[in-house]
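**Q** My questions all concern the structure below.
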Amino acid sequence: MRVALALLALLVLAPVRTAMAAKPTVSIDDVQMLEGERKLVKSTMTFTLSLSEKASERFSVRVATTNGTANAGSDYDSASGVVRFRRGQIRQTFSVKINGDATAEPDETFFVDLSSPDGLLLGKRRGTGTILDDDTPAPEVALSVADATVSEGNGERRSLRFAVTAQPAPKSTVTVSYATANGSAKAGSDYVTTSGTLSFGAGVGSQIIEVPVIGDTVAENDETLTVTLSAPTGRARLDRAQATGTIVDDDQAAPATPNPFAFTARAHLEPGSSETSEPVQILGLTTAAPISIRGGRYSVNGQPFTDVPGNIGNGDIVEVQAQTPASYGASASARLTIGTAAADFTVEARPRDTTPEPFAFAPVFAAAAGGSVSSAPATVSGIDPGTPISVTGGAYRIDDGPWLTTPGTVSAGRQVRVMVTAGSSGSVSRAELRIGTLSAGFAATTADGNATPRAFSFAAAPGFPLLLAESATVTVAGLAAPARVRVGNGRYSINGGAYTTLDGVVVNGDRLRVALIAAPNLDDRQDATLTLGSYATRFSVTTSAPEDRASDAIQLPSISTAAINSAVITPPMTIRGINVAVPISVSSGLRYSLNDGPFTGAAGMVRWGDSLRLRIDTGPDYGRRYTGDVTIGNGTTSWQVRSQLSPARPARFTLSPASIYTNGLVLPGSVQTTEPVTVSDADGPQTVSASNAQYRINDGPYRSGAGTVRNGDRITLRAVMPSTYSADQVISLSIGSTSASLTLSTTIDAVANTPTTLSGASESHVVRSDGIVPLRAFVFKPDGWRTSDRRAAYIDWSGGGWARSGVPMSRSKFWADQYGMVVIAPDQRVNDRFGTYAYVHADDARRVLKWVQDHAGELGIDPARVVVTGTSSGGGNATWAALLDPPATTAIGSSPPVRAAAVVLRSGVTSTADDAALGRSQLARFGRFVDAISPDRDIDAGIAPFLLFHGDADVVFAQTANLRLCSQIRTRGRICDFHNQAGLGHDWANDSTKLAESRSIEVDFLNRIGVLPSLR
């Protein structure tokens, strides 16, 4: 009976165990091979499918090829099928036939995709096959050997491993000889003499030279030897021919160990630039510790930078210098070692800029049939050297060089032309020139361009102030020959392309649209005239919108050193944000001028576009405050001016932080510096001293005691912040009898104030872990969710001005509950928790989108249907994520693999331009990148559809800037829907009724562009 019961238990529990077992993961590798020259004798490219563990039963997965730059049929034979794993197997292969040819062309890629796993989970689901062209003359290969380090050991087998790289990877085999030579390390007692030849086959980019080390138990200094490359063969040359191998002695007593320390990595740097890390205080040492560096230089307590090993004490402050690589997109690290602890300072060069300023070629009419027709020259600008250039349908030339049809490279400042061969009578010949990421067409026709089409017209339309209004589409008919199209006071588009103002060529069947920016004031009319051949018609737009009497905020200068008995006048300020004439008035003591007219204190009227200046007259009193109010429409702004303090010697000065913006918070225990103060108006030498800080004179070391300065000296303060959160540190500088102070404050406790859970969230994931606390993304999954789903996803960024809060909100769960989307609510590295500038969010925004797409399989989403949304500053994050080119300050590896499917903004802060009317404190959060990081800088022709909601009474971020953004997107032929929230300000989305209305609009938008329904 017991035996029977045991057998029954096994039968019952066996399926349970099987069901509970974790599924293996299947992944596919990448493969590359030479193309070959014979199409009839096909080569075979073999991909390997690997399981994470041996198959415990029969598993299968579907495999299919997909075109990349290589095309099925001409470059390879398409293939598909099911790969099966029998029990005990861990690898299988899948083969694709490659078609060779003798045509010189770029390397080409195709993909092998895994899908429909049976009993498996998908790991790396796409393999890349690279067909290496072997018909183009092989480029010269640069061979370099890198330094190597190894601990000596006590006699066990150890080796120095020298990495030798071949860049670019060779097209055919190259070889190089190598040999070791003594330094302080001696062959036979410290290492084994090693020599030989390395061979790099086609596509092989790296090899290793191993030099065996002879260990011992004798305490001694570290020892070095060299490895030298020589006698390269094939198309190879020596780049870095010698490397140093360091055998680190491990028999000495362990040096002192400091507390862990770190340096912030720097990205998007100019190639070849020298970069200095932030200063870091070293703590936790009980005795002096050795300090050394590899790949850079270091400075202790402001002393000159050096690469010579030395010693460092507890409380000393260290900085690191590293050289940014000269190659675009390359990175390098300087490793600083203190005792047994080490930290890297990593610098990354910006990517090569291959996006030129827009360029165009005017068409040519009345060309001679069969003749060669060239365009006028266009000057290339805005790119780095080495940017690719290619042409289709014609030829190109650079400056006075030869006409080319093959791809090449071009740099800024060069002139390019395009040439086509004119066809028969009445035909059009076209070519397209691509430079980097942009292209421009050139057309030539034998027709004179004056043909008359069948009559057509564009219906007049209403337009929202300052928004690009578009006509209906008309289809051209009735032309006897190609005709010239041109536009006046507007733009036109052919066949849904980007809008342009340049002349073009049109034939029967082409579709035309006209667009123009609506006037800013209600009931104003704008006309655009389109001329096609000998026929002309008009498109009229009359401005129509709710009356808007709330002007955009005017930014008044902060003046605290006005001269006494003087007139203080603001720079001209442009009135924006209103669409009707509104009253203007000023309080007593303040006067205004419109459009460079006389200053007056009488009430008047202003319109959009008027130029305004304000004036306050100071009296004879030093240090007096003067205040006045200006009222424009229904908004009032105060201006305060303070006259200078009584004259002092030395001259008065102010202290400003150098490593954070004014009023920004900094990390506890961090080292902070001020901007240099230049001594002026001093009567001879002056005593200088600092409180709660050290100071340096010019480029000298930092010191604590009193010193002496003279006119022209530059003084910088440095202070170590308290190690507690929410603490203030007041630092001051005295020069003679003149002094100034600065208050610096530490952040709140990031650990205590950063959520690890979010109400209603299904799960959370760490997106990046290189900060004070991990940066998390919270995921809301809909009912019925499965890993195998390919649902639409919704990334929702909250606001907070990049300075405070930034904590994700649960309200985006609505999209999971109501529309079946997978919702991701990310946290943000805001200043009050992380001590950051606003520009770090550009990198975070792109990393989150990349993370979501990289983990699409486990999230159950379609990576091509990810919507990025944001409120206020979160709108800037969403816009950054949607850009093609990585913004300044972002690491190259943070770019998403797929463009966002849509962008939805609620009062989104998308620009730092003047018409955004951001305040000085808001702009200061971007630091020195305030212009380069503006989210609207790099809108391209492939940008995702945008849906914008913005209140016309917003005084935090002006609606005007987002109207410009939307017009910019429409001009590129892309979708941008703009919805005005009449009479509402920046926080309109906090109104539940308005939020519900906007969601209804958003649902219609997402359905129209194909994001919804979520599950397909």
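In the structure tokens, chains take the letters A, B, ... in the order shown, each chain's residues start at 1, and ligands count up from 1 in the order shown.
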Within 7 Å of Ile795 of chain A, counting only C-alpha atoms, which residues qualify if same-chain residues fewer than 6 places away don't, as a list of chain:residue names?
**A** A:Val823, A:Ile824, A:Ala825, A:Val867, A:Val868, A:Thr869
**Q** With a distance cut-off of 9 Å and only C-alpha atoms, select the neighbouring residues of Gln959 of chain A, excluding the residue or stretch itself and same-chain residues fewer than 4 positions from it, and output the selection as a list in words.
**A**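 Near neighbours after the sequence-gap exclusion: Asp552, Gly577, Ser907, Asp915, Ala916, His950, Gly951, Asp952, Ala953, Asp954, Val955, Leu963, Arg964 and Asn980 of chain A.
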**Q** Store the residues of this selection in a file with all heavy atoms, as a tab-separated table (two decimals), in the first residue's frame.
**A**
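Contents of part-v2.tsv, as written:
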```tsv
chain	number	residue	atom	x	y	z
A	552	ASP	N	2.53	86.87	-22.39
A	552	ASP	CA	3.60	86.04	-21.85
A	552	ASP	C	4.39	86.86	-20.84
A	552	ASP	O	4.46	88.10	-20.92
A	552	ASP	CB	4.54	85.58	-22.96
A	552	ASP	CG	3.86	84.63	-23.93
A	552	ASP	OD1	2.77	84.12	-23.61
A	552	ASP	OD2	4.42	84.39	-25.03
A	577	GLY	N	2.02	86.64	-26.63
A	577	GLY	CA	1.02	85.89	-25.88
A	577	GLY	C	-0.39	86.47	-25.90
A	577	GLY	O	-1.31	85.84	-25.41
A	907	SER	N	1.40	71.15	-21.16
A	907	SER	CA	2.19	72.31	-20.72
A	907	SER	C	3.68	71.98	-20.77
A	907	SER	O	4.46	72.38	-19.90
A	907	SER	CB	1.80	72.76	-19.31
A	907	SER	OG	0.43	73.05	-19.23
A	915	ASP	N	11.35	83.18	-26.62
A	915	ASP	CA	9.89	83.22	-26.64
A	915	ASP	C	9.26	82.23	-25.67
A	915	ASP	O	8.04	82.23	-25.50
A	915	ASP	CB	9.36	82.99	-28.06
A	915	ASP	CG	9.75	81.64	-28.65
A	915	ASP	OD1	10.42	80.86	-27.95
A	915	ASP	OD2	9.38	81.39	-29.82
A	916	ALA	N	10.08	81.40	-25.00
A	916	ALA	CA	9.54	80.53	-23.95
A	916	ALA	C	9.30	81.30	-22.66
A	916	ALA	O	8.56	80.83	-21.79
A	916	ALA	CB	10.50	79.37	-23.68
A	950	HIS	N	-1.83	73.15	-24.23
A	950	HIS	CA	-1.17	74.27	-23.56
A	950	HIS	C	-2.17	75.38	-23.29
A	950	HIS	O	-2.97	75.73	-24.17
A	950	HIS	CB	-0.03	74.82	-24.43
A	950	HIS	CG	1.08	75.40	-23.62
A	950	HIS	ND1	2.35	74.86	-23.60
A	950	HIS	CD2	1.13	76.46	-22.78
A	950	HIS	CE1	3.12	75.58	-22.79
A	950	HIS	NE2	2.40	76.55	-22.28
A	951	GLY	N	-2.11	75.92	-22.08
A	951	GLY	CA	-2.99	77.02	-21.72
A	951	GLY	C	-2.49	78.34	-22.24
A	951	GLY	O	-1.28	78.62	-22.17
A	952	ASP	N	-3.40	79.19	-22.75
A	952	ASP	CA	-2.94	80.49	-23.27
A	952	ASP	C	-2.68	81.51	-22.18
A	952	ASP	O	-2.21	82.61	-22.45
A	952	ASP	CB	-3.93	81.03	-24.32
A	952	ASP	CG	-5.34	81.21	-23.78
A	952	ASP	OD1	-5.52	81.25	-22.55
A	952	ASP	OD2	-6.28	81.31	-24.60
A	953	ALA	N	-2.96	81.15	-20.90
A	953	ALA	CA	-2.64	82.04	-19.79
A	953	ALA	C	-1.46	81.51	-18.97
A	953	ALA	O	-1.28	81.88	-17.82
A	953	ALA	CB	-3.86	82.23	-18.89
A	954	ASP	N	-0.65	80.65	-19.58
A	954	ASP	CA	0.51	80.05	-18.91
A	954	ASP	C	1.61	81.10	-18.77
A	954	ASP	O	2.12	81.60	-19.77
A	954	ASP	CB	1.00	78.85	-19.73
A	954	ASP	CG	2.03	78.01	-18.98
A	954	ASP	OD1	2.69	78.54	-18.07
A	954	ASP	OD2	2.16	76.82	-19.32
A	955	VAL	N	2.00	81.42	-17.53
A	955	VAL	CA	3.08	82.39	-17.31
A	955	VAL	C	4.34	81.69	-16.82
A	955	VAL	O	5.33	82.36	-16.50
A	955	VAL	CB	2.66	83.48	-16.31
A	955	VAL	CG1	1.55	84.34	-16.89
A	955	VAL	CG2	2.24	82.88	-14.97
A	963	LEU	N	3.75	76.78	-29.82
A	963	LEU	CA	3.17	77.05	-31.14
A	963	LEU	C	4.27	77.03	-32.20
A	963	LEU	O	4.09	76.48	-33.29
A	963	LEU	CB	2.46	78.40	-31.13
A	963	LEU	CG	1.15	78.47	-30.33
A	963	LEU	CD1	0.71	79.91	-30.18
A	963	LEU	CD2	0.07	77.66	-31.01
A	964	ARG	N	5.42	77.59	-31.85
A	964	ARG	CA	6.55	77.56	-32.78
A	964	ARG	C	7.02	76.12	-33.01
A	964	ARG	O	7.32	75.73	-34.16
A	964	ARG	CB	7.69	78.42	-32.23
A	964	ARG	CG	8.96	78.35	-33.07
A	964	ARG	CD	10.01	79.34	-32.58
A	964	ARG	NE	10.26	79.26	-31.16
A	964	ARG	CZ	11.00	78.31	-30.57
A	964	ARG	NH1	11.55	77.35	-31.31
A	964	ARG	NH2	11.19	78.32	-29.28
A	980	ASN	N	-5.49	74.33	-27.60
A	980	ASN	CA	-5.40	75.46	-26.69
A	980	ASN	C	-6.34	75.24	-25.50
A	980	ASN	O	-7.51	74.88	-25.66
A	980	ASN	CB	-5.80	76.73	-27.44
A	980	ASN	CG	-5.81	77.95	-26.54
A	980	ASN	OD1	-4.88	78.15	-25.78
A	980	ASN	ND2	-6.87	78.75	-26.63
```
**Q** Quick one: pick out all helix (DSSP H, G or I) residues within segment 714-846 of chain A from a backbone DSSP run and write them as a list in words.
**A** Ala750, Val751, Ala752, Asn753, Ser810, Arg811, Ser812, Lys813, Phe814, Trp815, Ala816, Asp817, Gln818, Tyr819, Asn831, Asp832, Arg833, Phe834, Val840, His841, Ala842, Asp843, Asp844, Ala845 and Arg846 of chain A
**Q** Excluding Phe59 of chain A and its own-chain neighbours fewer than 5 positions away, which residues fall within 7 Å of it when counting only C-alpha atoms? Please give them as a list in words.
**A**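 Contacts, with the query itself left out: Arg84, Phe85, Arg86, Asp118, Gly119 and Leu120 of chain A.
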**Q** Just give me the gap between atom CA of Ala777 of chain A and atom CA of Ala816 of chain A in Å, one decimal is fine.
**A** 15.2 Å
**Q** Determine, counting only C-alpha atoms, which protein, DNA and RNA residues have an atom within 12 Å of an atom of Ser788 of chain A; residues of the same chain fewer than 5 positions away are not included. Present the result as an MDAnalysis selection string.
**A** chainID A and resid 115:122 856:862 1015:1016
**Q** Hey, can you spit out that residue selection with all heavy atoms as a compact mmCIF listing (two decimals), in the first residue's frame?
**A**
```
# COMPACT_ATOMS: atom_id res chain seq x y z
N SER A 115 10.99 34.10 -32.92
CA SER A 115 9.61 34.38 -32.50
C SER A 115 8.93 33.07 -32.15
O SER A 115 9.46 31.97 -32.38
CB SER A 115 8.85 35.11 -33.62
OG SER A 115 8.75 34.28 -34.77
N SER A 116 7.73 33.20 -31.60
CA SER A 116 6.86 32.05 -31.30
C SER A 116 7.60 30.95 -30.54
O SER A 116 7.67 29.80 -31.00
CB SER A 116 6.25 31.50 -32.59
OG SER A 116 5.57 32.49 -33.30
N PRO A 117 8.23 31.25 -29.41
CA PRO A 117 8.94 30.20 -28.67
C PRO A 117 7.95 29.19 -28.07
O PRO A 117 6.88 29.58 -27.58
CB PRO A 117 9.67 30.98 -27.59
CG PRO A 117 8.83 32.19 -27.38
CD PRO A 117 8.26 32.54 -28.72
N ASP A 118 8.32 27.95 -28.10
CA ASP A 118 7.51 26.89 -27.49
C ASP A 118 8.32 26.32 -26.34
O ASP A 118 9.30 25.60 -26.53
CB ASP A 118 7.18 25.80 -28.53
CG ASP A 118 6.27 24.72 -27.94
OD1 ASP A 118 5.82 24.87 -26.79
OD2 ASP A 118 6.01 23.74 -28.64
N GLY A 119 7.91 26.68 -25.09
CA GLY A 119 8.61 26.20 -23.91
C GLY A 119 9.85 27.01 -23.57
O GLY A 119 10.59 26.64 -22.66
N LEU A 120 10.06 28.10 -24.28
CA LEU A 120 11.26 28.91 -24.08
C LEU A 120 10.89 30.36 -23.82
O LEU A 120 9.79 30.79 -24.17
CB LEU A 120 12.16 28.84 -25.33
CG LEU A 120 12.72 27.48 -25.73
CD1 LEU A 120 13.34 27.57 -27.11
CD2 LEU A 120 13.74 27.00 -24.71
N LEU A 121 11.85 31.10 -23.24
CA LEU A 121 11.77 32.55 -23.17
C LEU A 121 12.76 33.12 -24.20
O LEU A 121 13.81 32.53 -24.46
CB LEU A 121 12.13 33.07 -21.78
CG LEU A 121 11.22 32.65 -20.64
CD1 LEU A 121 11.77 33.14 -19.31
CD2 LEU A 121 9.81 33.18 -20.86
N LEU A 122 12.41 34.28 -24.77
CA LEU A 122 13.30 34.91 -25.73
C LEU A 122 14.30 35.81 -25.02
O LEU A 122 13.92 36.67 -24.23
CB LEU A 122 12.50 35.75 -26.75
CG LEU A 122 11.59 34.95 -27.70
CD1 LEU A 122 10.88 35.90 -28.65
CD2 LEU A 122 12.38 33.92 -28.47
N ALA A 856 11.54 44.88 -24.16
CA ALA A 856 10.19 44.73 -24.71
C ALA A 856 9.66 43.31 -24.52
O ALA A 856 8.47 43.10 -24.25
CB ALA A 856 10.19 45.10 -26.20
N GLY A 857 10.54 42.30 -24.65
CA GLY A 857 10.09 40.92 -24.52
C GLY A 857 9.53 40.61 -23.16
O GLY A 857 8.46 40.02 -23.03
N GLU A 858 10.22 41.04 -22.10
CA GLU A 858 9.72 40.73 -20.76
C GLU A 858 8.58 41.66 -20.33
O GLU A 858 7.81 41.32 -19.45
CB GLU A 858 10.86 40.78 -19.75
CG GLU A 858 11.56 42.13 -19.65
CD GLU A 858 12.90 42.02 -18.95
OE1 GLU A 858 13.86 41.56 -19.61
OE2 GLU A 858 12.97 42.40 -17.77
N LEU A 859 8.50 42.85 -20.96
CA LEU A 859 7.40 43.77 -20.64
C LEU A 859 6.15 43.46 -21.46
O LEU A 859 5.08 44.02 -21.17
CB LEU A 859 7.83 45.21 -20.90
CG LEU A 859 8.91 45.79 -19.98
CD1 LEU A 859 9.35 47.16 -20.46
CD2 LEU A 859 8.40 45.87 -18.54
N GLY A 860 6.27 42.62 -22.49
CA GLY A 860 5.12 42.28 -23.32
C GLY A 860 4.64 43.42 -24.18
O GLY A 860 3.44 43.63 -24.35
N ILE A 861 5.60 44.19 -24.75
CA ILE A 861 5.22 45.38 -25.52
C ILE A 861 5.81 45.31 -26.93
O ILE A 861 6.74 44.54 -27.19
CB ILE A 861 5.68 46.68 -24.85
CG1 ILE A 861 7.21 46.77 -24.84
CG2 ILE A 861 5.12 46.80 -23.44
CD1 ILE A 861 7.74 48.14 -24.55
N ASP A 862 5.27 46.15 -27.79
CA ASP A 862 5.80 46.35 -29.13
C ASP A 862 6.76 47.54 -29.06
O ASP A 862 6.32 48.67 -28.80
CB ASP A 862 4.66 46.63 -30.10
CG ASP A 862 5.13 46.90 -31.53
OD1 ASP A 862 6.35 46.94 -31.75
OD2 ASP A 862 4.27 47.07 -32.41
N LEU A 1015 -3.54 46.04 -27.81
CA LEU A 1015 -3.24 44.63 -28.05
C LEU A 1015 -3.73 44.24 -29.43
O LEU A 1015 -4.89 44.44 -29.77
CB LEU A 1015 -3.91 43.76 -26.98
CG LEU A 1015 -3.59 42.27 -27.03
CD1 LEU A 1015 -2.09 42.03 -26.87
CD2 LEU A 1015 -4.36 41.54 -25.93
N ARG A 1016 -2.84 43.66 -30.24
CA ARG A 1016 -3.21 43.28 -31.60
C ARG A 1016 -2.96 41.81 -31.82
O ARG A 1016 -2.11 41.23 -31.18
CB ARG A 1016 -2.39 44.10 -32.62
CG ARG A 1016 -2.69 45.59 -32.50
CD ARG A 1016 -1.83 46.38 -33.44
NE ARG A 1016 -2.15 47.80 -33.37
CZ ARG A 1016 -1.47 48.75 -34.00
NH1 ARG A 1016 -0.44 48.42 -34.77
NH2 ARG A 1016 -1.82 50.02 -33.90
```
**Q** Enumerate, in order of chain and increasing residue number, the residues of segment 683-791 of chain A with an atom no farther than 12 Å from segment 655-658 of chain A, each with its shortest atom pair and distance in Å to one decimal, counting only C-alpha atoms, as JSON lines.
**A**
```
{"residue": "A:Ala690", "atom": "CA", "partner": "A:Leu655", "partner_atom": "CA", "distance": 11.8}
{"residue": "A:Ile715", "atom": "CA", "partner": "A:Leu655", "partner_atom": "CA", "distance": 10.3}
{"residue": "A:Thr716", "atom": "CA", "partner": "A:Leu655", "partner_atom": "CA", "distance": 9.3}
{"residue": "A:Leu717", "atom": "CA", "partner": "A:Leu655", "partner_atom": "CA", "distance": 8.9}
{"residue": "A:Arg718", "atom": "CA", "partner": "A:Pro657", "partner_atom": "CA", "distance": 9.7}
{"residue": "A:Ala719", "atom": "CA", "partner": "A:Pro657", "partner_atom": "CA", "distance": 10.6}
{"residue": "A:Val730", "atom": "CA", "partner": "A:Leu655", "partner_atom": "CA", "distance": 11.1}
{"residue": "A:Ile731", "atom": "CA", "partner": "A:Leu655", "partner_atom": "CA", "distance": 9.1}
{"residue": "A:Ser732", "atom": "CA", "partner": "A:Leu655", "partner_atom": "CA", "distance": 8.1}
{"residue": "A:Leu733", "atom": "CA", "partner": "A:Leu655", "partner_atom": "CA", "distance": 8.2}
{"residue": "A:Ser734", "atom": "CA", "partner": "A:Leu655", "partner_atom": "CA", "distance": 11.0}
{"residue": "A:Ser739", "atom": "CA", "partner": "A:Leu655", "partner_atom": "CA", "distance": 9.6}
{"residue": "A:Ala740", "atom": "CA", "partner": "A:Leu655", "partner_atom": "CA", "distance": 6.5}
{"residue": "A:Ser741", "atom": "CA", "partner": "A:Leu655", "partner_atom": "CA", "distance": 6.4}
{"residue": "A:Leu742", "atom": "CA", "partner": "A:Leu655", "partner_atom": "CA", "distance": 5.9}
{"residue": "A:Thr743", "atom": "CA", "partner": "A:Pro657", "partner_atom": "CA", "distance": 9.3}
{"residue": "A:Leu744", "atom": "CA", "partner": "A:Pro657", "partner_atom": "CA", "distance": 8.2}
{"residue": "A:Ser745", "atom": "CA", "partner": "A:Pro657", "partner_atom": "CA", "distance": 11.2}
```
**Q** From a DSSP pass on the backbone, collect the residues of segment 898-987 of chain A flagged as strand (DSSP E) and hand them back as a compact mmCIF listing (two decimals) with N, CA and C atoms, in the first residue's frame.
**A**
```txt
# COMPACT_ATOMS: atom_id res chain seq x y z
N ALA A 902 4.97 58.25 -30.59
CA ALA A 902 4.20 59.49 -30.43
C ALA A 902 4.69 60.23 -29.20
N VAL A 903 4.44 61.55 -29.18
CA VAL A 903 4.79 62.40 -28.04
C VAL A 903 3.55 63.19 -27.65
N VAL A 904 3.20 63.14 -26.37
CA VAL A 904 2.04 63.88 -25.86
C VAL A 904 2.53 64.78 -24.73
N LEU A 905 2.28 66.09 -24.86
CA LEU A 905 2.77 67.06 -23.89
C LEU A 905 1.62 67.83 -23.28
N ARG A 906 1.68 67.99 -21.97
CA ARG A 906 0.74 68.81 -21.23
C ARG A 906 1.53 69.95 -20.59
N PHE A 946 3.23 64.57 -32.73
CA PHE A 946 3.11 65.28 -31.46
C PHE A 946 1.66 65.65 -31.21
N LEU A 947 1.25 65.58 -29.95
CA LEU A 947 -0.02 66.11 -29.48
C LEU A 947 0.29 67.05 -28.33
N LEU A 948 -0.04 68.35 -28.50
CA LEU A 948 0.31 69.36 -27.50
C LEU A 948 -0.95 69.97 -26.90
N PHE A 949 -0.97 70.05 -25.58
CA PHE A 949 -2.00 70.78 -24.84
C PHE A 949 -1.30 71.92 -24.10
N HIS A 950 -1.83 73.15 -24.23
CA HIS A 950 -1.17 74.27 -23.56
C HIS A 950 -2.17 75.38 -23.29
N GLY A 951 -2.11 75.92 -22.08
CA GLY A 951 -2.99 77.02 -21.72
C GLY A 951 -2.49 78.34 -22.24
N CYS A 976 1.42 67.33 -36.07
CA CYS A 976 1.42 68.01 -34.77
C CYS A 976 0.03 68.57 -34.54
N ASP A 977 -0.68 68.04 -33.55
CA ASP A 977 -2.00 68.55 -33.17
C ASP A 977 -1.83 69.45 -31.95
N PHE A 978 -2.38 70.66 -32.03
CA PHE A 978 -2.25 71.62 -30.92
C PHE A 978 -3.64 71.92 -30.37
N HIS A 979 -3.77 71.83 -29.05
CA HIS A 979 -5.07 72.10 -28.40
C HIS A 979 -4.87 73.18 -27.34
N ASN A 980 -5.49 74.33 -27.60
CA ASN A 980 -5.40 75.46 -26.69
C ASN A 980 -6.34 75.24 -25.50
N GLN A 981 -5.81 75.48 -24.30
CA GLN A 981 -6.63 75.45 -23.09
C GLN A 981 -6.95 76.91 -22.75
```
**Q** Please list as a list in words every residue within 10 Å of Arg454 of chain A, counting only C-alpha atoms and excluding residues in the same chain fewer than 5 positions away.
**A**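 The residues that qualify are Thr475, Val476, Ala477, Gly478, Leu479, Asn508 and Tyr535 of chain A.
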